[in-house]
file model_18.txt (compact mmCIF, C-alpha atoms)
# COMPACT_ATOMS: atom_id res chain seq x y z
CA MET A 263 70.07 12.31 -32.88
CA SER A 264 68.26 11.26 -29.70
CA LEU A 265 70.04 11.39 -26.39
CA SER A 266 71.39 8.34 -24.64
CA VAL A 267 71.51 8.98 -20.90
CA GLY A 268 73.28 6.83 -18.34
CA MET A 269 71.77 7.17 -14.89
CA VAL A 270 72.31 5.75 -11.40
CA ALA A 271 69.99 6.15 -8.40
CA GLY A 272 70.38 4.01 -5.30
CA GLU A 273 67.50 4.78 -2.92
CA PRO A 274 63.72 5.33 -3.07
CA SER A 275 64.12 9.10 -2.78
CA GLY A 276 66.59 9.13 -5.68
CA ASP A 277 64.33 6.86 -7.71
CA LEU A 278 61.47 9.34 -7.37
CA LEU A 279 63.67 12.33 -8.21
CA ALA A 280 65.19 10.59 -11.21
CA SER A 281 61.81 9.49 -12.57
CA ARG A 282 60.72 13.12 -12.81
CA VAL A 283 63.93 14.11 -14.57
CA ILE A 284 63.44 11.27 -17.06
CA ALA A 285 59.91 12.53 -17.72
CA GLY A 286 61.29 16.03 -18.33
CA LEU A 287 63.93 14.68 -20.72
CA ARG A 288 61.35 12.62 -22.58
CA GLN A 289 59.23 15.72 -23.15
CA ARG A 290 62.19 17.24 -24.99
CA ASP A 291 63.29 14.05 -26.75
CA ALA A 292 60.70 11.33 -27.41
CA GLY A 293 63.44 9.00 -28.66
CA LEU A 294 65.43 9.23 -25.41
CA SER A 295 67.13 6.06 -24.19
CA CYS A 296 68.00 5.90 -20.52
CA GLN A 297 69.63 2.98 -18.72
CA GLY A 298 71.72 2.06 -15.71
CA ILE A 299 70.78 1.48 -12.06
CA GLY A 300 67.37 2.51 -10.79
CA GLY A 301 64.05 1.65 -9.21
CA PRO A 302 60.40 1.13 -10.09
CA ALA A 303 59.47 4.80 -10.52
CA MET A 304 62.30 5.22 -13.04
CA GLN A 305 61.24 2.07 -14.87
CA ASP A 306 57.66 3.36 -15.05
CA ALA A 307 59.13 6.44 -16.78
CA GLY A 308 60.77 4.23 -19.43
CA PHE A 309 64.14 3.56 -17.78
CA GLN A 310 66.01 0.32 -18.58
CA ALA A 311 67.41 -1.04 -15.31
CA TRP A 312 70.58 -3.04 -15.76
CA HIS A 313 70.65 -3.46 -11.98
CA PRO A 314 67.96 -2.71 -9.36
CA MET A 315 68.55 0.27 -7.09
CA HIS A 316 68.67 -1.93 -3.98
CA ALA A 317 72.01 -3.21 -5.29
CA LEU A 318 73.42 0.08 -3.95
CA THR A 319 71.31 0.55 -0.83
CA VAL A 320 73.67 0.36 2.13
CA PHE A 321 73.66 1.93 5.57
CA GLY A 322 76.97 3.49 6.44
CA TYR A 323 80.46 2.09 6.26
CA VAL A 324 79.95 -1.22 8.07
CA ASP A 325 77.12 -2.28 5.78
CA ALA A 326 79.13 -1.12 2.76
CA LEU A 327 82.08 -3.30 3.80
CA LYS A 328 79.83 -6.33 4.14
CA ARG A 329 78.42 -5.78 0.68
CA LEU A 330 81.64 -4.62 -0.95
CA PRO A 331 82.06 -7.58 -3.36
CA GLY A 332 78.57 -7.09 -4.82
CA LEU A 333 79.02 -3.32 -5.02
CA LEU A 334 82.31 -3.75 -6.86
CA ARG A 335 80.75 -6.17 -9.34
CA THR A 336 77.89 -3.75 -10.02
CA TYR A 337 80.28 -0.80 -10.34
CA GLY A 338 82.56 -2.71 -12.71
CA ASP A 339 79.66 -3.84 -14.88
CA VAL A 340 78.12 -0.40 -15.47
CA LYS A 341 81.52 1.24 -15.94
CA ARG A 342 82.52 -1.32 -18.60
CA ARG A 343 79.22 -0.90 -20.43
CA TRP A 344 79.43 2.90 -20.54
CA LEU A 345 83.11 3.00 -21.48
CA ALA A 346 82.43 0.53 -24.29
CA GLN A 347 79.36 2.42 -25.52
CA PRO A 348 79.47 5.98 -24.15
CA PRO A 349 76.16 7.69 -23.43
CA SER A 350 75.55 11.30 -24.48
CA VAL A 351 75.68 12.23 -20.80
CA PHE A 352 75.78 10.50 -17.43
CA VAL A 353 73.52 11.62 -14.57
CA GLY A 354 74.30 10.43 -11.06
CA VAL A 355 71.38 10.93 -8.68
CA ASP A 356 72.54 11.29 -5.07
CA ALA A 357 74.44 8.12 -3.88
CA PRO A 358 77.68 10.19 -3.79
CA ASP A 359 80.05 7.44 -2.61
CA PHE A 360 79.18 5.35 -5.68
CA ASN A 361 78.38 8.05 -8.21
CA LEU A 362 81.28 10.45 -7.68
CA LYS A 363 83.79 7.64 -8.18
CA LEU A 364 81.96 6.52 -11.32
CA GLU A 365 81.58 10.09 -12.59
CA LEU A 366 85.33 10.66 -12.28
CA GLN A 367 86.10 7.58 -14.40
CA LEU A 368 83.52 8.50 -17.04
CA ARG A 369 84.52 12.16 -17.22
CA GLN A 370 88.17 11.22 -17.65
CA ALA A 371 87.05 9.10 -20.60
CA GLY A 372 85.36 12.14 -22.18
CA ILE A 373 81.77 11.49 -21.07
CA PRO A 374 80.07 14.60 -19.64
CA THR A 375 78.72 14.07 -16.14
CA VAL A 376 75.88 15.69 -14.21
CA HIS A 377 75.35 15.12 -10.50
CA PHE A 378 71.84 15.70 -9.20
CA VAL A 379 71.45 16.29 -5.44
CA GLY A 380 74.52 17.84 -3.92
CA PRO A 381 76.21 15.90 -1.11
CA SER A 382 75.71 17.61 2.23
CA ILE A 383 79.17 19.18 2.22
CA TRP A 384 77.61 22.09 4.12
CA ALA A 385 77.20 19.69 7.06
CA TRP A 386 79.96 17.07 6.71
CA ARG A 387 83.32 16.80 4.92
CA TYR A 388 83.54 20.02 2.96
CA GLU A 389 86.79 18.77 1.44
CA ARG A 390 84.68 16.58 -0.88
CA ILE A 391 84.30 19.72 -2.98
CA ASN A 392 87.64 18.85 -4.59
CA LYS A 393 86.40 15.41 -5.64
CA ILE A 394 83.20 16.98 -7.00
CA ARG A 395 85.19 19.55 -9.01
CA ALA A 396 87.19 16.76 -10.65
CA ALA A 397 84.30 14.37 -11.27
CA VAL A 398 81.33 16.55 -12.21
CA SER A 399 80.77 18.62 -15.34
CA HIS A 400 77.64 20.26 -13.89
CA MET A 401 75.82 20.17 -10.55
CA LEU A 402 72.04 20.24 -10.18
CA VAL A 403 71.10 21.31 -6.67
CA LEU A 404 67.82 21.18 -4.78
CA PHE A 405 68.23 24.06 -2.36
CA PRO A 406 68.90 27.74 -3.09
CA PHE A 407 71.82 28.16 -0.66
CA GLU A 408 73.73 25.38 -2.45
CA GLU A 409 73.92 27.32 -5.73
CA GLU A 410 76.07 30.05 -4.19
CA LEU A 411 78.30 27.46 -2.52
CA TYR A 412 79.18 25.65 -5.76
CA ARG A 413 79.46 28.83 -7.81
CA LYS A 414 81.97 30.18 -5.28
CA GLU A 415 84.03 27.02 -5.80
CA GLY A 416 84.04 27.44 -9.58
CA ILE A 417 81.77 24.45 -10.29
CA PRO A 418 79.03 24.91 -12.93
CA VAL A 419 75.70 24.66 -11.11
CA THR A 420 71.97 25.11 -11.61
CA TYR A 421 69.42 25.47 -8.82
CA VAL A 422 66.43 23.46 -10.06
CA GLY A 423 64.25 23.54 -6.95
CA HIS A 424 63.02 20.36 -5.35
CA PRO A 425 60.80 18.16 -7.54
CA LEU A 426 58.84 17.13 -4.47
CA ALA A 427 57.69 20.74 -4.15
CA ASP A 428 56.23 20.49 -7.67
CA ALA A 429 54.67 17.09 -7.04
CA ILE A 430 53.02 17.77 -3.66
CA ALA A 431 50.06 20.13 -3.59
CA LEU A 432 50.56 23.43 -1.79
CA GLN A 433 47.35 22.76 0.14
CA PRO A 434 47.12 19.13 1.29
CA ASP A 435 43.71 17.45 1.48
CA ARG A 436 43.58 15.60 4.79
CA GLN A 437 39.96 14.50 4.32
CA ALA A 438 40.60 12.96 0.89
CA ALA A 439 43.66 11.12 2.19
CA ARG A 440 41.68 9.73 5.09
CA GLN A 441 39.00 8.52 2.71
CA ARG A 442 41.66 6.69 0.70
CA LEU A 443 42.91 5.04 3.86
CA GLY A 444 39.47 4.37 5.33
CA LEU A 445 40.14 6.57 8.38
CA ASP A 446 37.58 8.50 10.40
CA ASP A 447 37.64 12.23 9.62
CA ASN A 448 37.64 12.97 13.36
CA ALA A 449 40.34 10.49 14.36
CA ARG A 450 43.65 11.63 15.85
CA VAL A 451 46.21 10.14 13.46
CA LEU A 452 49.95 9.72 13.90
CA ALA A 453 52.11 8.73 10.93
CA ILE A 454 55.28 6.86 11.92
CA LEU A 455 58.16 6.73 9.42
CA PRO A 456 61.13 4.80 10.85
CA GLY A 457 63.16 4.89 7.61
CA SER A 458 63.51 2.90 4.40
CA ARG A 459 66.65 0.90 5.26
CA SER A 460 66.78 -2.38 7.15
CA SER A 461 69.22 -0.93 9.66
CA GLU A 462 66.97 2.04 10.36
CA ILE A 463 64.00 -0.21 11.02
CA ARG A 464 66.07 -2.41 13.30
CA ILE A 465 67.37 0.53 15.35
CA LEU A 466 64.58 3.11 15.21
CA ALA A 467 61.35 1.08 15.03
CA PRO A 468 61.61 -0.25 18.63
CA ARG A 469 62.01 3.31 19.95
CA PHE A 470 59.19 4.67 17.80
CA LEU A 471 56.82 1.84 18.71
CA GLN A 472 57.48 2.17 22.44
CA ALA A 473 56.74 5.89 22.11
CA ALA A 474 53.49 5.00 20.28
CA GLN A 475 52.54 2.66 23.13
CA GLN A 476 52.90 5.55 25.58
CA LEU A 477 50.87 7.85 23.33
CA GLN A 478 48.06 5.30 23.12
CA ARG A 479 47.96 5.13 26.89
CA ARG A 480 47.30 8.89 26.84
CA ASP A 481 44.74 8.55 24.06
CA PRO A 482 43.47 4.99 23.48
CA ARG A 483 41.72 6.15 20.29
CA LEU A 484 44.97 7.30 18.66
CA VAL A 485 45.39 5.75 15.20
CA CYS A 486 48.96 4.93 14.08
CA ILE A 487 49.79 4.37 10.42
CA VAL A 488 53.19 3.23 9.15
CA PRO A 489 53.99 3.37 5.42
CA MET A 490 56.65 0.95 4.16
CA VAL A 491 58.59 1.29 0.94
CA ASN A 492 58.20 -2.39 -0.01
CA ALA A 493 57.07 -5.80 1.24
CA GLN A 494 60.52 -6.71 2.57
CA ARG A 495 60.69 -3.65 4.82
CA ARG A 496 57.11 -4.30 5.93
CA GLN A 497 58.07 -7.83 6.98
CA GLU A 498 61.06 -6.49 8.92
CA PHE A 499 58.94 -3.84 10.61
CA GLU A 500 56.18 -6.29 11.52
CA ALA A 501 58.78 -8.53 13.20
CA VAL A 502 59.64 -5.56 15.45
CA LEU A 503 55.95 -4.75 15.92
CA ALA A 504 55.39 -8.26 17.29
CA GLN A 505 57.80 -7.38 20.12
CA TYR A 506 56.27 -3.94 20.76
CA PRO A 507 52.59 -4.26 19.79
CA VAL A 508 50.54 -1.12 19.19
CA PRO A 509 46.80 -1.91 19.03
CA GLY A 510 45.18 -0.95 15.75
CA LEU A 511 48.43 0.09 14.06
CA ARG A 512 48.18 -0.15 10.28
CA CYS A 513 51.27 -0.96 8.24
CA LEU A 514 50.87 0.06 4.59
CA THR A 515 52.55 -0.67 1.27
CA ALA A 516 51.58 0.45 -2.22
CA ASP A 517 49.42 -2.69 -2.65
CA ASP A 518 47.12 -1.38 0.09
CA LEU A 519 46.36 1.82 -1.85
CA PRO A 520 45.35 1.03 -5.43
CA ALA A 521 43.46 4.34 -5.57
CA ALA A 522 46.75 6.21 -5.09
CA ALA A 523 48.64 4.37 -7.83
CA GLY A 524 51.71 6.30 -8.92
CA GLN A 525 51.96 8.14 -5.60
CA PRO A 526 54.26 6.95 -2.80
CA VAL A 527 52.28 5.32 -0.02
CA ALA A 528 54.06 7.57 2.48
CA TRP A 529 52.38 10.60 0.94
CA SER A 530 48.90 9.33 1.73
CA ALA A 531 50.00 8.60 5.30
CA LEU A 532 51.52 12.06 5.72
CA GLU A 533 48.54 13.82 4.16
CA ALA A 534 46.10 11.92 6.41
CA SER A 535 48.04 12.55 9.61
CA ASP A 536 47.80 15.13 12.38
CA ALA A 537 51.49 14.74 13.24
CA VAL A 538 54.49 12.64 12.24
CA LEU A 539 57.27 10.81 14.04
CA VAL A 540 59.97 10.52 11.38
CA ALA A 541 63.55 9.38 10.84
CA SER A 542 65.90 12.10 9.63
CA GLY A 543 66.17 12.10 5.85
CA THR A 544 64.14 13.01 2.78
CA ALA A 545 60.93 12.01 4.57
CA THR A 546 61.32 15.06 6.83
CA LEU A 547 61.13 17.32 3.78
CA GLU A 548 58.09 15.44 2.48
CA THR A 549 56.47 15.93 5.88
CA ALA A 550 57.20 19.66 5.72
CA LEU A 551 55.68 19.89 2.23
CA PHE A 552 52.52 18.30 3.63
CA LYS A 553 52.64 21.03 6.34
CA ARG A 554 52.51 18.57 9.24
CA PRO A 555 54.08 19.09 12.69
CA MET A 556 56.75 16.48 13.25
CA VAL A 557 59.36 15.10 15.58
CA ILE A 558 62.64 14.19 13.85
CA SER A 559 64.79 11.45 15.32
CA TYR A 560 67.84 9.36 14.53
CA TYR A 561 70.29 7.06 16.27
CA LEU A 562 73.72 5.79 15.26
CA SER A 563 75.52 3.06 17.15
CA PRO A 564 78.72 4.10 19.01
CA TRP A 565 80.75 2.11 16.47
CA MET A 566 79.10 3.90 13.54
CA ARG A 567 79.63 7.28 15.20
CA ARG A 568 83.35 6.52 15.63
CA ILE A 569 83.65 5.53 11.99
CA MET A 570 81.86 8.70 10.83
CA ALA A 571 84.03 10.88 13.06
CA TRP A 572 87.18 9.18 11.72
CA LYS A 573 86.05 9.40 8.10
CA SER A 574 84.92 13.03 8.28
CA GLY A 575 87.37 14.37 10.85
CA GLN A 576 84.35 15.85 12.66
CA GLN A 577 82.57 14.97 15.88
CA ARG A 578 79.39 16.74 14.73
CA PRO A 579 77.98 18.48 11.65
CA TYR A 580 79.01 22.04 10.82
CA LEU A 581 75.39 23.14 11.29
CA PRO A 582 73.37 22.92 14.52
CA TRP A 583 70.45 21.27 12.66
CA VAL A 584 70.12 17.79 11.17
CA GLY A 585 66.57 17.69 9.80
CA LEU A 586 66.15 19.24 6.35
CA PRO A 587 63.22 21.49 7.32
CA ASN A 588 65.27 23.00 10.13
CA VAL A 589 68.36 23.35 7.92
CA LEU A 590 66.33 25.20 5.28
CA LEU A 591 64.58 27.44 7.83
CA ARG A 592 67.83 27.94 9.78
CA ASP A 593 65.92 27.33 12.99
CA PHE A 594 64.71 24.54 15.27
CA ALA A 595 61.20 24.84 13.86
CA VAL A 596 60.51 21.22 14.85
CA PRO A 597 62.18 19.09 17.55
CA GLU A 598 65.19 16.91 16.79
CA LEU A 599 65.74 14.04 19.22
CA LEU A 600 69.01 12.39 18.28
CA GLN A 601 71.26 9.76 19.82
CA ASP A 602 70.86 9.66 23.62
CA ASP A 603 67.82 11.95 23.37
CA ALA A 604 66.06 9.44 21.11
CA THR A 605 64.38 7.64 24.02
CA PRO A 606 60.77 6.40 23.95
CA ASP A 607 59.88 8.77 26.81
CA LYS A 608 61.25 11.89 25.09
CA LEU A 609 59.86 10.87 21.71
CA ALA A 610 56.42 10.33 23.21
CA GLU A 611 56.43 13.67 25.03
CA ALA A 612 57.51 15.68 21.98
CA THR A 613 55.11 13.83 19.69
CA TRP A 614 52.20 14.45 22.06
CA VAL A 615 52.85 18.19 21.73
CA ALA A 616 52.94 17.84 17.94
CA LEU A 617 49.61 15.98 18.05
CA THR A 618 47.76 18.28 20.43
CA ASP A 619 49.18 21.83 20.30
CA GLU A 620 46.96 23.56 17.74
CA ALA A 621 48.85 26.86 17.91
CA HIS A 622 52.12 25.07 17.16
CA ALA A 623 50.49 23.26 14.23
CA ALA A 624 49.24 26.57 12.82
CA ARG A 625 52.71 28.15 13.06
CA ILE A 626 54.27 25.13 11.39
CA GLU A 627 51.73 25.27 8.57
CA THR A 628 52.55 28.92 7.90
CA ARG A 629 56.32 28.40 7.88
CA PHE A 630 56.19 25.22 5.80
CA THR A 631 53.88 26.85 3.26
CA ALA A 632 56.44 29.63 2.74
CA LEU A 633 59.20 27.00 2.47
CA HIS A 634 57.15 25.07 -0.10
CA ARG A 635 56.85 28.18 -2.27
CA ASP A 636 60.60 28.83 -2.04
CA LEU A 637 61.39 25.32 -3.26
CA THR A 638 58.86 25.27 -6.09
CA ARG A 639 60.41 25.49 -9.53
CA ASP A 640 59.66 23.59 -12.73
CA THR A 641 62.30 21.10 -11.62
CA ALA A 642 61.84 18.50 -14.33
CA ARG A 643 62.09 21.13 -17.09
CA LEU A 644 65.06 22.96 -15.54
CA ALA A 645 66.98 19.74 -14.86
CA ALA A 646 66.27 18.36 -18.34
CA GLN A 647 67.36 21.64 -19.94
CA ALA A 648 70.66 21.64 -18.04
CA ILE A 649 71.33 17.96 -18.85
CA VAL A 650 70.66 18.50 -22.56
CA GLU A 651 72.91 21.56 -22.62
CA VAL A 652 75.74 19.64 -20.97
CA ALA A 653 75.33 16.77 -23.45
CA HIS A 654 75.26 19.08 -26.48
CA GLY A 655 78.10 21.18 -25.14
CA ALA A 656 80.27 18.08 -24.93
CA ALA A 657 79.19 16.98 -28.39
call {"tool": "encode", "arguments": {"input": "model_18.txt", "output": "C-alpha cells"}}
result
Amino acid sequence: MSLSVGMVAGEPSGDLLASRVIAGLRQRDAGLSCQGIGGPAMQDAGFQAWHPMHALTVFGYVDALKRLPGLLRTYGDVKRRWLAQPPSVFVGVDAPDFNLKLELQLRQAGIPTVHFVGPSIWAWRYERINKIRAAVSHMLVLFPFEEELYRKEGIPVTYVGHPLADAIALQPDRQAARQRLGLDDNARVLAILPGSRSSEIRILAPRFLQAAQQLQRRDPRLVCIVPMVNAQRRQEFEAVLAQYPVPGLRCLTADDLPAAAGQPVAWSALEASDAVLVASGTATLETALFKRPMVISYYLSPWMRRIMAWKSGQQRPYLPWVGLPNVLLRDFAVPELLQDDATPDKLAEATWVALTDEAHAARIETRFTALHRDLTRDTARLAAQAIVEVAHGAA
C-alpha cells in the first residue's frame, strides 16, 4: 500500500527542504500521496496544499499574537483532517511552534511523527527537548553535532546532511550566473538579502540600503542586486528603496530569471556576487555554500528582545555565534553585526572589506568548501528512508 504523508512547512526555506524530501519519497513510492501546508516548491513536487505556507509565516511573538485567530483556524483544520483520516506518517518541517504542538496531538492519537530540522535548542531554550521527546517519534537533523545531542537525550535521530549542500554545486560558476543576470563579468557585485519576512524588510532594508549608498560613494560602479522571494516582498522592499535610493540597484524575483526556472532566484544572485550583505537565517548557509564572503546582520526591537528574554529565560544565546556558518565552524569566520552594531556605517565598512579583501575571500572559499563537503549527504534518500521506516514501524 502506498504511503500517505501529512506534511507542514511554513517558510520558503522549509518549502525547499520539504520539496526535496517529497522527491526522495516519490522515488521509493510512485503512488505517494502528500498533503497539508506548504509552498510552491512542494506543490511542484506533487504536494497537495490544503493551506499555503504563508498562513504560518509570522515574525516572533507579537506578529503571532496578531495573527492568532487565523493560525488557530489553520491548526484546527489540519488536525481535524488528520485525526479523521490518519496519514501513514506526519512530517513537520521546521516551524517548531506550530509543528511540535501538532505532532504531540497526532502522536497521542497513534500517528507516527517525524520532525525535520531540529529547533536551535543548542542556542535557545534547551528545555524544549522535553517537548520534542513527547511529540516526535524520530528527528531528522541537518548538522552533525545535533545527532549526538538528540541521541544523548534518548530521542531517535538521523543525521541526513543538509539538502542545500546536495543541491548547490561544490564549485559555483560566477560567470554563468552573471550571464543569466546580464551582468558584466568584470563588475563588482554586491548581493543584498534583507530577509524573506515583511518585518525583516521593514527593519533591515533601510540599514542595508544606507550601507549600500555609502559603498557606492566609494565605488560608483558597484552593482547591487536584491533577490526577493515573491512579488509582495518585492513591493515592500521597493517602498523602502524609494526612501533610500541606490542607483542601478536591481530587485529580482523568479519572473526575472526564466532561464533559472526551478532554482531560487537568491541562488543566482549569490552565485553572481563578489560579496553578500545578509540577514541572519538560512540565507547565510546558502551564501556559505556558494563560497562568498559575507556580512551577517540582524536587529530586534527592544520590545521583541524583552519578549524573547522572558520566553527563553535567557538574555543571549548559549553560543557566541548567531550566523549558521560561524556556528558550524565554531569561529567568527565572517562578521556578525547585530542589534546596536547593525548601523549603516559599520555595515558599510565590514562589507567593503568583504568586497575588496582578496586574501580574506580566498580563506573564506577554502573554509566554506570544507564545510560544504561535511554537509553533503544524499539527504533526500536518507530522509525518505527514515520516514518510510518510521511509517512501517508504526504499521
call {"tool": "closest_residue", "arguments": {"input": "model_18.txt", "among": "A:Pro381, A:Gly268, A:Gly655, A:Pro597", "to": "Glu365 in chain A", "atoms": "only C-alpha atoms"}}
result
A:Gly268
call {"tool": "closest_atom_pairs", "arguments": {"input": "model_18.txt", "of": "range 402-448 of chain A", "to": "range 347-356 of chain A", "cutoff": "12 Å", "atoms": "all atoms listed in the file", "output": "tab-separated table"}}
result
residue	atom	partner	partner_atom	distance
A:Leu402	CA	A:Val355	CA	9.5
A:Val403	CA	A:Asp356	CA	10.2
A:Leu404	CA	A:Asp356	CA	11.0
call {"tool": "closest_residue", "arguments": {"input": "model_18.txt", "among": "A:Pro425, A:Gly543, A:Gly276, A:Gly510", "to": "Asp640 in chain A", "atoms": "only C-alpha atoms"}}
result
A:Pro425
call {"tool": "residues_around", "arguments": {"input": "model_18.txt", "residues": "Gln289 in chain A", "least_positions_apart": "3", "cutoff": "9 Å", "atoms": "all atoms listed in the file", "output": "compact mmCIF listing (two decimals) with C-alpha atoms, in the coordinates of the input"}}
result
# COMPACT_ATOMS: atom_id res chain seq x y z
CA ILE A 284 63.44 11.27 -17.06
CA ALA A 285 59.91 12.53 -17.72
CA GLY A 286 61.29 16.03 -18.33
CA ALA A 292 60.70 11.33 -27.41
CA ARG A 643 62.09 21.13 -17.09
CA ALA A 646 66.27 18.36 -18.34
call {"tool": "closest_residue", "arguments": {"input": "model_18.txt", "among": "A:Gly272, A:Pro358, A:Gly293, A:Pro509", "to": "Ser458 in chain A", "atoms": "all atoms listed in the file"}}
result
A:Gly272
call {"tool": "axis_aligned_box", "arguments": {"input": "model_18.txt", "around": "range 336-353 of chain A", "padding_each_side": "5 Å", "output": "AutoDock Vina command-line options"}}
result
--center_x 78.3 --center_y 4.2 --center_z -17.8 --size_x 19.6 --size_y 26.1 --size_z 25.5
call {"tool": "closest_residue", "arguments": {"input": "model_18.txt", "among": "A:Asp603, A:Asp536, A:Asp291, A:Glu548", "to": "Gly585 in chain A", "atoms": "all atoms listed in the file"}}
result
A:Glu548
call {"tool": "residues_near_point", "arguments": {"input": "model_18.txt", "point": "(49.1, 8.6, -2.2)", "cutoff": "12 Å", "atoms": "only C-alpha atoms", "output": "VMD selection string"}}
result
chain A and resid 429 to 431 434 to 436 438 to 443 489 514 to 534 552
call {"tool": "residues_around", "arguments": {"input": "model_18.txt", "residues": "Pro482 in chain A", "least_positions_apart": "5", "cutoff": "12 Å", "atoms": "only C-alpha atoms", "output": "PDB file with C-alpha atoms, in the frame of the given file"}}
result
ATOM      1  CA  ALA A 449      40.340  10.490  14.360  1.00  0.00           C
ATOM      2  CA  ARG A 450      43.650  11.630  15.850  1.00  0.00           C
ATOM      3  CA  VAL A 451      46.210  10.140  13.460  1.00  0.00           C
ATOM      4  CA  ALA A 474      53.490   5.000  20.280  1.00  0.00           C
ATOM      5  CA  GLN A 475      52.540   2.660  23.130  1.00  0.00           C
ATOM      6  CA  GLN A 476      52.900   5.550  25.580  1.00  0.00           C
ATOM      7  CA  LEU A 477      50.870   7.850  23.330  1.00  0.00           C
ATOM      8  CA  VAL A 508      50.540  -1.120  19.190  1.00  0.00           C
ATOM      9  CA  PRO A 509      46.800  -1.910  19.030  1.00  0.00           C
ATOM     10  CA  GLY A 510      45.180  -0.950  15.750  1.00  0.00           C
ATOM     11  CA  LEU A 511      48.430   0.090  14.060  1.00  0.00           C
TER      12      LEU A 511
END
call {"tool": "residues_near_point", "arguments": {"input": "model_18.txt", "point": "(74.6, 9.9, -2.7)", "cutoff": "12 Å", "atoms": "all atoms listed in the file", "output": "PyMOL selection string"}}
result
chain A and resi 270-277+318-322+354-364+377-383+394
call {"tool": "atom_distance", "arguments": {"input": "model_18.txt", "atom1": "CA of Thr605 in chain A", "atom2": "CA of Glu462 in chain A"}}
result
15.0 Å
call {"tool": "residues_around", "arguments": {"input": "model_18.txt", "residues": "Leu426 in chain A", "least_positions_apart": "2", "cutoff": "10 Å", "atoms": "all atoms listed in the file", "output": "JSON, numbers by chain"}}
result
{"A": [275, 278, 279, 282, 404, 423, 424, 428, 429, 430, 431, 544, 547, 548, 551, 634, 637, 638, 639, 641]}
call {"tool": "atom_distance", "arguments": {"input": "model_18.txt", "atom1": "CA of Val485 in chain A", "atom2": "CA of Ala623 in chain A"}}
result
18.3 Å
call {"tool": "build_atoms", "arguments": {"input": "model_18.txt", "residues": "range 484-489 of chain A", "atoms": "all heavy atoms", "output": "PDB file, keeping the file's coordinate frame"}}
result
ATOM      1  N   LEU A 484      43.957   6.882  19.619  1.00  0.00           N
ATOM      2  CA  LEU A 484      44.970   7.300  18.660  1.00  0.00           C
ATOM      3  C   LEU A 484      45.173   6.234  17.589  1.00  0.00           C
ATOM      4  O   LEU A 484      45.346   5.050  17.889  1.00  0.00           O
ATOM      5  CB  LEU A 484      46.303   7.565  19.375  1.00  0.00           C
ATOM      6  CG  LEU A 484      47.492   7.934  18.477  1.00  0.00           C
ATOM      7  CD1 LEU A 484      47.291   9.300  17.837  1.00  0.00           C
ATOM      8  CD2 LEU A 484      48.791   7.895  19.288  1.00  0.00           C
ATOM      9  N   VAL A 485      45.166   6.645  16.328  1.00  0.00           N
ATOM     10  CA  VAL A 485      45.390   5.750  15.200  1.00  0.00           C
ATOM     11  C   VAL A 485      46.817   5.952  14.693  1.00  0.00           C
ATOM     12  O   VAL A 485      47.228   7.082  14.391  1.00  0.00           O
ATOM     13  CB  VAL A 485      44.391   6.039  14.061  1.00  0.00           C
ATOM     14  CG1 VAL A 485      44.690   5.170  12.846  1.00  0.00           C
ATOM     15  CG2 VAL A 485      42.968   5.825  14.544  1.00  0.00           C
ATOM     16  N   CYS A 486      47.579   4.872  14.586  1.00  0.00           N
ATOM     17  CA  CYS A 486      48.960   4.930  14.080  1.00  0.00           C
ATOM     18  C   CYS A 486      49.026   4.253  12.720  1.00  0.00           C
ATOM     19  O   CYS A 486      48.533   3.129  12.554  1.00  0.00           O
ATOM     20  CB  CYS A 486      49.923   4.243  15.048  1.00  0.00           C
ATOM     21  SG  CYS A 486      50.028   5.036  16.673  1.00  0.00           S
ATOM     22  N   ILE A 487      49.622   4.942  11.750  1.00  0.00           N
ATOM     23  CA  ILE A 487      49.790   4.370  10.420  1.00  0.00           C
ATOM     24  C   ILE A 487      51.277   4.435  10.050  1.00  0.00           C
ATOM     25  O   ILE A 487      51.968   5.416  10.335  1.00  0.00           O
ATOM     26  CB  ILE A 487      48.940   5.098   9.363  1.00  0.00           C
ATOM     27  CG1 ILE A 487      49.140   6.611   9.424  1.00  0.00           C
ATOM     28  CG2 ILE A 487      47.471   4.761   9.534  1.00  0.00           C
ATOM     29  CD1 ILE A 487      48.371   7.371   8.347  1.00  0.00           C
ATOM     30  N   VAL A 488      51.766   3.357   9.447  1.00  0.00           N
ATOM     31  CA  VAL A 488      53.190   3.230   9.150  1.00  0.00           C
ATOM     32  C   VAL A 488      53.364   2.818   7.697  1.00  0.00           C
ATOM     33  O   VAL A 488      53.125   1.652   7.348  1.00  0.00           O
ATOM     34  CB  VAL A 488      53.864   2.193  10.071  1.00  0.00           C
ATOM     35  CG1 VAL A 488      55.371   2.163   9.821  1.00  0.00           C
ATOM     36  CG2 VAL A 488      53.573   2.492  11.531  1.00  0.00           C
ATOM     37  N   PRO A 489      53.751   3.743   6.817  1.00  0.00           N
ATOM     38  CA  PRO A 489      53.990   3.370   5.420  1.00  0.00           C
ATOM     39  C   PRO A 489      55.357   2.693   5.274  1.00  0.00           C
ATOM     40  O   PRO A 489      56.329   3.092   5.911  1.00  0.00           O
ATOM     41  CB  PRO A 489      53.965   4.719   4.701  1.00  0.00           C
ATOM     42  CG  PRO A 489      54.422   5.702   5.729  1.00  0.00           C
ATOM     43  CD  PRO A 489      53.920   5.186   7.063  1.00  0.00           C
TER      44      PRO A 489
END
